[in-house]
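Trainee: Contents of input-v1.cif (mmCIF, N, CA and C atoms and all ligand atoms) are given next:
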```cif
data_query
loop_
_atom_site.label_atom_id
_atom_site.label_comp_id
_atom_site.auth_asym_id
_atom_site.auth_seq_id
_atom_site.Cartn_x
_atom_site.Cartn_y
_atom_site.Cartn_z
N MET A 1 -66.57 -38.68 -54.10
CA MET A 1 -67.03 -39.28 -52.82
C MET A 1 -68.50 -39.59 -52.93
N SER A 2 -68.86 -40.74 -52.43
CA SER A 2 -70.25 -41.17 -52.49
C SER A 2 -70.88 -41.16 -51.11
N VAL A 3 -72.14 -40.78 -51.07
CA VAL A 3 -72.86 -40.84 -49.80
C VAL A 3 -73.85 -42.00 -49.80
N THR A 4 -73.76 -42.83 -50.85
CA THR A 4 -74.70 -43.94 -50.95
C THR A 4 -74.13 -45.22 -50.37
N ASP A 5 -72.87 -45.18 -49.90
CA ASP A 5 -72.30 -46.36 -49.28
C ASP A 5 -73.10 -46.74 -48.04
N SER A 6 -73.08 -48.02 -47.73
CA SER A 6 -73.79 -48.46 -46.54
C SER A 6 -73.13 -47.86 -45.30
N PRO A 7 -73.93 -47.36 -44.38
CA PRO A 7 -73.35 -46.81 -43.16
C PRO A 7 -72.74 -47.92 -42.32
N PRO A 8 -71.78 -47.57 -41.45
CA PRO A 8 -71.21 -48.59 -40.56
C PRO A 8 -72.29 -49.15 -39.65
N SER A 9 -72.16 -50.41 -39.35
CA SER A 9 -73.17 -51.04 -38.51
C SER A 9 -73.00 -50.63 -37.06
N THR A 10 -73.96 -49.89 -36.55
CA THR A 10 -73.90 -49.45 -35.16
C THR A 10 -74.92 -50.19 -34.32
N GLY A 11 -75.73 -51.03 -34.96
CA GLY A 11 -76.78 -51.71 -34.22
C GLY A 11 -77.95 -50.80 -33.90
N VAL A 12 -77.94 -49.59 -34.48
CA VAL A 12 -79.01 -48.63 -34.24
C VAL A 12 -79.56 -48.18 -35.58
N ASP A 13 -80.86 -48.08 -35.69
CA ASP A 13 -81.47 -47.62 -36.92
C ASP A 13 -81.20 -46.13 -37.09
N PRO A 14 -80.51 -45.72 -38.16
CA PRO A 14 -80.21 -44.29 -38.36
C PRO A 14 -81.46 -43.43 -38.42
N GLU A 15 -82.57 -44.01 -38.78
CA GLU A 15 -83.81 -43.25 -38.84
C GLU A 15 -84.19 -42.69 -37.48
N HIS A 16 -83.62 -43.28 -36.42
CA HIS A 16 -83.96 -42.86 -35.07
C HIS A 16 -82.95 -41.88 -34.49
N LEU A 17 -81.95 -41.51 -35.28
CA LEU A 17 -80.93 -40.60 -34.79
C LEU A 17 -81.28 -39.18 -35.21
N VAL A 18 -81.21 -38.26 -34.26
CA VAL A 18 -81.52 -36.88 -34.57
C VAL A 18 -80.43 -35.97 -34.03
N CYS A 19 -80.32 -34.79 -34.65
CA CYS A 19 -79.38 -33.79 -34.18
C CYS A 19 -79.82 -33.30 -32.79
N PRO A 20 -78.87 -33.18 -31.85
CA PRO A 20 -79.23 -32.75 -30.50
C PRO A 20 -79.70 -31.29 -30.45
N GLY A 21 -79.37 -30.52 -31.50
CA GLY A 21 -79.74 -29.10 -31.49
C GLY A 21 -81.07 -28.85 -32.17
N CYS A 22 -81.22 -29.30 -33.42
CA CYS A 22 -82.41 -28.97 -34.20
C CYS A 22 -83.36 -30.15 -34.36
N ARG A 23 -82.98 -31.33 -33.86
CA ARG A 23 -83.81 -32.54 -33.88
C ARG A 23 -84.07 -33.05 -35.29
N GLU A 24 -83.25 -32.62 -36.23
CA GLU A 24 -83.37 -33.12 -37.59
C GLU A 24 -82.77 -34.53 -37.66
N VAL A 25 -83.37 -35.41 -38.46
CA VAL A 25 -82.80 -36.75 -38.64
C VAL A 25 -81.43 -36.62 -39.27
N VAL A 26 -80.46 -37.37 -38.75
CA VAL A 26 -79.09 -37.21 -39.20
C VAL A 26 -78.75 -38.21 -40.31
N GLU A 27 -77.67 -37.93 -41.00
CA GLU A 27 -77.12 -38.79 -42.03
C GLU A 27 -75.90 -39.49 -41.45
N CYS A 28 -75.77 -40.78 -41.74
CA CYS A 28 -74.59 -41.52 -41.25
C CYS A 28 -73.42 -41.29 -42.19
N ALA A 29 -72.98 -40.05 -42.27
CA ALA A 29 -71.84 -39.70 -43.13
C ALA A 29 -71.14 -38.51 -42.50
N PRO A 30 -69.83 -38.42 -42.68
CA PRO A 30 -69.12 -37.26 -42.14
C PRO A 30 -69.63 -35.98 -42.77
N PRO A 31 -69.62 -34.89 -42.02
CA PRO A 31 -70.05 -33.60 -42.58
C PRO A 31 -69.09 -33.13 -43.66
N LEU A 32 -69.61 -32.34 -44.58
CA LEU A 32 -68.78 -31.80 -45.65
C LEU A 32 -67.99 -30.61 -45.12
N GLY A 33 -66.76 -30.48 -45.59
CA GLY A 33 -65.98 -29.30 -45.26
C GLY A 33 -65.49 -29.26 -43.83
N TRP A 34 -65.41 -30.43 -43.19
CA TRP A 34 -64.91 -30.46 -41.80
C TRP A 34 -63.42 -30.10 -41.82
N PRO A 35 -63.01 -29.04 -41.10
CA PRO A 35 -61.59 -28.64 -41.12
C PRO A 35 -60.72 -29.64 -40.37
N ALA A 36 -59.62 -30.03 -40.97
CA ALA A 36 -58.74 -31.03 -40.38
C ALA A 36 -58.24 -30.59 -39.00
N ARG A 37 -58.04 -29.28 -38.83
CA ARG A 37 -57.52 -28.79 -37.55
C ARG A 37 -58.54 -28.90 -36.43
N ALA A 38 -59.78 -29.18 -36.79
CA ALA A 38 -60.83 -29.30 -35.77
C ALA A 38 -60.80 -30.65 -35.07
N GLY A 39 -59.94 -31.56 -35.56
CA GLY A 39 -59.83 -32.85 -34.90
C GLY A 39 -60.58 -33.94 -35.64
N ALA A 40 -60.92 -34.99 -34.91
CA ALA A 40 -61.56 -36.16 -35.50
C ALA A 40 -62.85 -35.77 -36.22
N VAL A 41 -63.03 -36.31 -37.40
CA VAL A 41 -64.23 -36.02 -38.17
C VAL A 41 -65.42 -36.74 -37.55
N PRO A 42 -66.53 -36.03 -37.32
CA PRO A 42 -67.71 -36.69 -36.77
C PRO A 42 -68.24 -37.77 -37.72
N GLN A 43 -68.93 -38.75 -37.16
CA GLN A 43 -69.48 -39.84 -37.96
C GLN A 43 -70.81 -39.47 -38.60
N PHE A 44 -71.39 -38.35 -38.17
CA PHE A 44 -72.75 -38.01 -38.60
C PHE A 44 -72.83 -36.55 -39.04
N SER A 45 -73.83 -36.25 -39.83
CA SER A 45 -74.03 -34.88 -40.30
C SER A 45 -75.52 -34.66 -40.53
N HIS A 46 -75.88 -33.37 -40.75
CA HIS A 46 -77.24 -33.08 -41.20
C HIS A 46 -77.43 -33.68 -42.59
N ARG A 47 -78.65 -33.81 -43.01
CA ARG A 47 -78.91 -34.41 -44.32
C ARG A 47 -78.40 -33.55 -45.46
N ASP A 48 -78.15 -32.27 -45.21
CA ASP A 48 -77.59 -31.42 -46.27
C ASP A 48 -76.06 -31.43 -46.22
N GLY A 49 -75.49 -32.24 -45.33
CA GLY A 49 -74.04 -32.37 -45.27
C GLY A 49 -73.36 -31.43 -44.30
N SER A 50 -74.14 -30.60 -43.60
CA SER A 50 -73.52 -29.67 -42.65
C SER A 50 -73.31 -30.35 -41.30
N VAL A 51 -72.44 -29.76 -40.50
CA VAL A 51 -72.11 -30.32 -39.19
C VAL A 51 -73.33 -30.23 -38.27
N LEU A 52 -73.51 -31.25 -37.45
CA LEU A 52 -74.62 -31.22 -36.50
C LEU A 52 -74.48 -30.04 -35.54
N CYS A 53 -75.61 -29.56 -35.06
CA CYS A 53 -75.59 -28.49 -34.07
C CYS A 53 -74.92 -29.01 -32.80
N PRO A 54 -74.24 -28.14 -32.05
CA PRO A 54 -73.65 -28.58 -30.79
C PRO A 54 -74.74 -28.98 -29.80
N ASP A 55 -74.44 -29.97 -28.97
CA ASP A 55 -75.41 -30.37 -27.96
C ASP A 55 -75.28 -29.47 -26.73
N SER A 56 -75.99 -29.82 -25.67
CA SER A 56 -76.03 -28.96 -24.49
C SER A 56 -74.67 -28.84 -23.81
N ARG A 57 -73.75 -29.75 -24.14
CA ARG A 57 -72.40 -29.67 -23.57
C ARG A 57 -71.41 -29.06 -24.54
N GLY A 58 -71.90 -28.58 -25.68
CA GLY A 58 -71.04 -27.92 -26.63
C GLY A 58 -70.26 -28.86 -27.52
N ARG A 59 -70.63 -30.14 -27.54
CA ARG A 59 -69.93 -31.08 -28.41
C ARG A 59 -70.58 -31.10 -29.78
N PHE A 60 -69.78 -31.35 -30.80
CA PHE A 60 -70.29 -31.41 -32.17
C PHE A 60 -70.34 -32.85 -32.65
N GLY A 61 -71.26 -33.08 -33.57
CA GLY A 61 -71.25 -34.35 -34.29
C GLY A 61 -71.74 -35.54 -33.51
N GLU A 62 -72.46 -35.30 -32.42
CA GLU A 62 -72.95 -36.41 -31.61
C GLU A 62 -74.48 -36.46 -31.71
N PRO A 63 -75.01 -37.33 -32.55
CA PRO A 63 -76.46 -37.43 -32.66
C PRO A 63 -77.06 -38.09 -31.43
N VAL A 64 -78.34 -37.91 -31.23
CA VAL A 64 -79.03 -38.56 -30.13
C VAL A 64 -80.18 -39.38 -30.70
N GLU A 65 -80.55 -40.41 -29.98
CA GLU A 65 -81.68 -41.22 -30.41
C GLU A 65 -82.96 -40.47 -30.08
N ALA A 66 -83.90 -40.48 -31.00
CA ALA A 66 -85.08 -39.63 -30.88
C ALA A 66 -85.86 -39.90 -29.61
N HIS A 67 -85.86 -41.16 -29.15
CA HIS A 67 -86.73 -41.51 -28.03
C HIS A 67 -85.97 -42.16 -26.89
N ALA A 68 -84.69 -41.87 -26.78
CA ALA A 68 -83.90 -42.50 -25.73
C ALA A 68 -83.10 -41.45 -24.97
N HIS A 69 -82.55 -41.85 -23.86
CA HIS A 69 -81.72 -40.94 -23.08
C HIS A 69 -80.43 -40.66 -23.85
N PRO A 70 -80.13 -39.39 -24.10
CA PRO A 70 -78.99 -39.07 -24.97
C PRO A 70 -77.67 -39.65 -24.49
N THR A 71 -77.37 -39.57 -23.23
CA THR A 71 -76.06 -40.00 -22.75
C THR A 71 -75.84 -41.49 -22.96
N SER A 72 -76.83 -42.29 -22.59
CA SER A 72 -76.67 -43.73 -22.74
C SER A 72 -76.58 -44.11 -24.21
N PHE A 73 -77.29 -43.36 -25.04
CA PHE A 73 -77.24 -43.66 -26.46
C PHE A 73 -75.88 -43.34 -27.04
N VAL A 74 -75.35 -42.17 -26.70
CA VAL A 74 -74.04 -41.77 -27.23
C VAL A 74 -72.99 -42.78 -26.80
N ASN A 75 -73.05 -43.23 -25.58
CA ASN A 75 -72.10 -44.23 -25.12
C ASN A 75 -72.23 -45.52 -25.93
N ALA A 76 -73.46 -45.88 -26.26
CA ALA A 76 -73.68 -47.09 -27.05
C ALA A 76 -73.09 -46.94 -28.44
N VAL A 77 -73.25 -45.76 -29.03
CA VAL A 77 -72.68 -45.53 -30.37
C VAL A 77 -71.17 -45.57 -30.28
N ARG A 78 -70.61 -44.95 -29.26
CA ARG A 78 -69.16 -44.93 -29.14
C ARG A 78 -68.60 -46.34 -29.03
N SER A 79 -69.20 -47.17 -28.24
CA SER A 79 -68.69 -48.52 -28.11
C SER A 79 -68.90 -49.31 -29.40
N ALA A 80 -69.96 -48.98 -30.14
CA ALA A 80 -70.23 -49.68 -31.38
C ALA A 80 -69.23 -49.30 -32.46
N VAL A 81 -68.92 -48.01 -32.58
CA VAL A 81 -68.02 -47.58 -33.64
C VAL A 81 -66.56 -47.83 -33.29
N ALA A 82 -66.30 -48.15 -32.02
CA ALA A 82 -64.92 -48.40 -31.60
C ALA A 82 -64.44 -49.76 -32.05
N ARG A 83 -65.38 -50.63 -32.44
CA ARG A 83 -64.97 -51.97 -32.87
C ARG A 83 -64.25 -51.94 -34.21
ZN ZN B 101 -78.86 -29.52 -36.14
#
```
Show how you would write the structure in this file as structure tokens.
Ligand SMILES: [Zn+2]
Mentor:
Amino acid sequence: MSVTDSPPSTGVDPEHLVCPGCREVVECAPPLGWPARAGAVPQFSHRDGSVLCPDSRGRFGEPVEAHAHPTSFVNAVRSAVAR
């Protein structure tokens, strides 16, 4: 598996996406070792390949834009990746 593939086009610069828990810049790649029973694989991970920290609502794998309102940003990503 390669992590050098181009990330899906979300219309958002990945450099501006951070983990909602630790504020680390995220990688546009699924986390390593995501258990299948946990459901849909997140689109993003920490740069070391681990799952993003849960956000304030306890959701995993949802990055936030560093300088934007998290909810509106997440909705924008969802509509972008749904195409
Ligand atoms: Zn984190």
Trainee: Which residues of chain A come within 7 Å of ligand ZN 101 (chain B), and for each one, what is the closest pair of atoms and their distance in Å to one decimal, counting only C-alpha atoms and all ligand atoms, sorted by chain and residue number, as a tab-separated table?
Mentor:
```
residue	atom	partner	partner_atom	distance
A:Cys19	CA	B:ZN101	ZN	4.7
A:Pro20	CA	B:ZN101	ZN	6.5
A:Gly21	CA	B:ZN101	ZN	4.8
A:Cys22	CA	B:ZN101	ZN	4.1
A:Arg23	CA	B:ZN101	ZN	6.2
A:Glu24	CA	B:ZN101	ZN	6.0
A:His46	CA	B:ZN101	ZN	6.4
A:Leu52	CA	B:ZN101	ZN	4.6
A:Cys53	CA	B:ZN101	ZN	4.0
```
Trainee: How many Å lie between atom N of Cys28 (chain A) and atom C of Phe60 (chain A), rounded to one decimal?
Mentor: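 Going from atom N of Cys28 (chain A) over to atom C of Phe60 (chain A) covers 13.2 Å.
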Trainee: Between A:Gly49, A:Pro63, A:His16, A:Pro54, which one has atoms that come closest to Leu32 (chain A), using all atoms listed in the file?
Mentor: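 Going through A:Gly49, A:Pro63, A:His16, A:Pro54 one by one, the smallest distance to Leu32 (chain A) is for A:Gly49.
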Trainee: Please determine, counting only C-alpha atoms, which residue among A:Leu17, A:Ala76, A:Ala29, A:Ala82 has the shortest atom-to-atom distance to Pro42 (chain A).
Mentor: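 The shortest atom-to-atom distance to Pro42 (chain A) comes from A:Ala29.
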Trainee: One decimal, in Å: what's the spacing between CA of Asn75 (chain A) and atom C of Val18 (chain A)?
Mentor: 14.7 Å
Trainee: Could you please determine the separation between CA of Val51 (chain A) and CA of Ala38 (chain A) in Å, to one decimal place?
Mentor: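 Calculated distance between CA of Val51 (chain A) and CA of Ala38 (chain A) is 11.8 Å.
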Trainee: Point out the residue among A:Arg57, A:Arg47, A:Arg37, A:His67 with the least atom-to-atom distance to Val25 (chain A), counting all atoms listed in the file.
Mentor: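 Of A:Arg57, A:Arg47, A:Arg37, A:His67, the one nearest Val25 (chain A), counting all atoms listed in the file, is A:Arg47.
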Trainee: Of the candidates A:Glu27, A:Glu62, A:Val77, A:Pro35, which one gets nearest to Asp48 (chain A) if we count all atoms listed in the file?
Mentor: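 Closest candidate: A:Glu27.
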Trainee: Using only N, CA and C atoms, which residue out of A:Ser79, A:Ser45, A:Ala66, A:Asp55 lies closest to Val26 (chain A)?
Mentor: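 Ranked by minimum distance to Val26 (chain A), first place goes to A:Ser45.
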Trainee: From a backbone DSSP assignment, name each residue in region 9-68 of chain A labelled strand (DSSP E or B), as a list in words.
Mentor: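 The strand (DSSP E or B) subset of region 9-68 of chain A is Leu17, Val18, Val25, Glu27, Ser45, Val64 and Glu65 of chain A.
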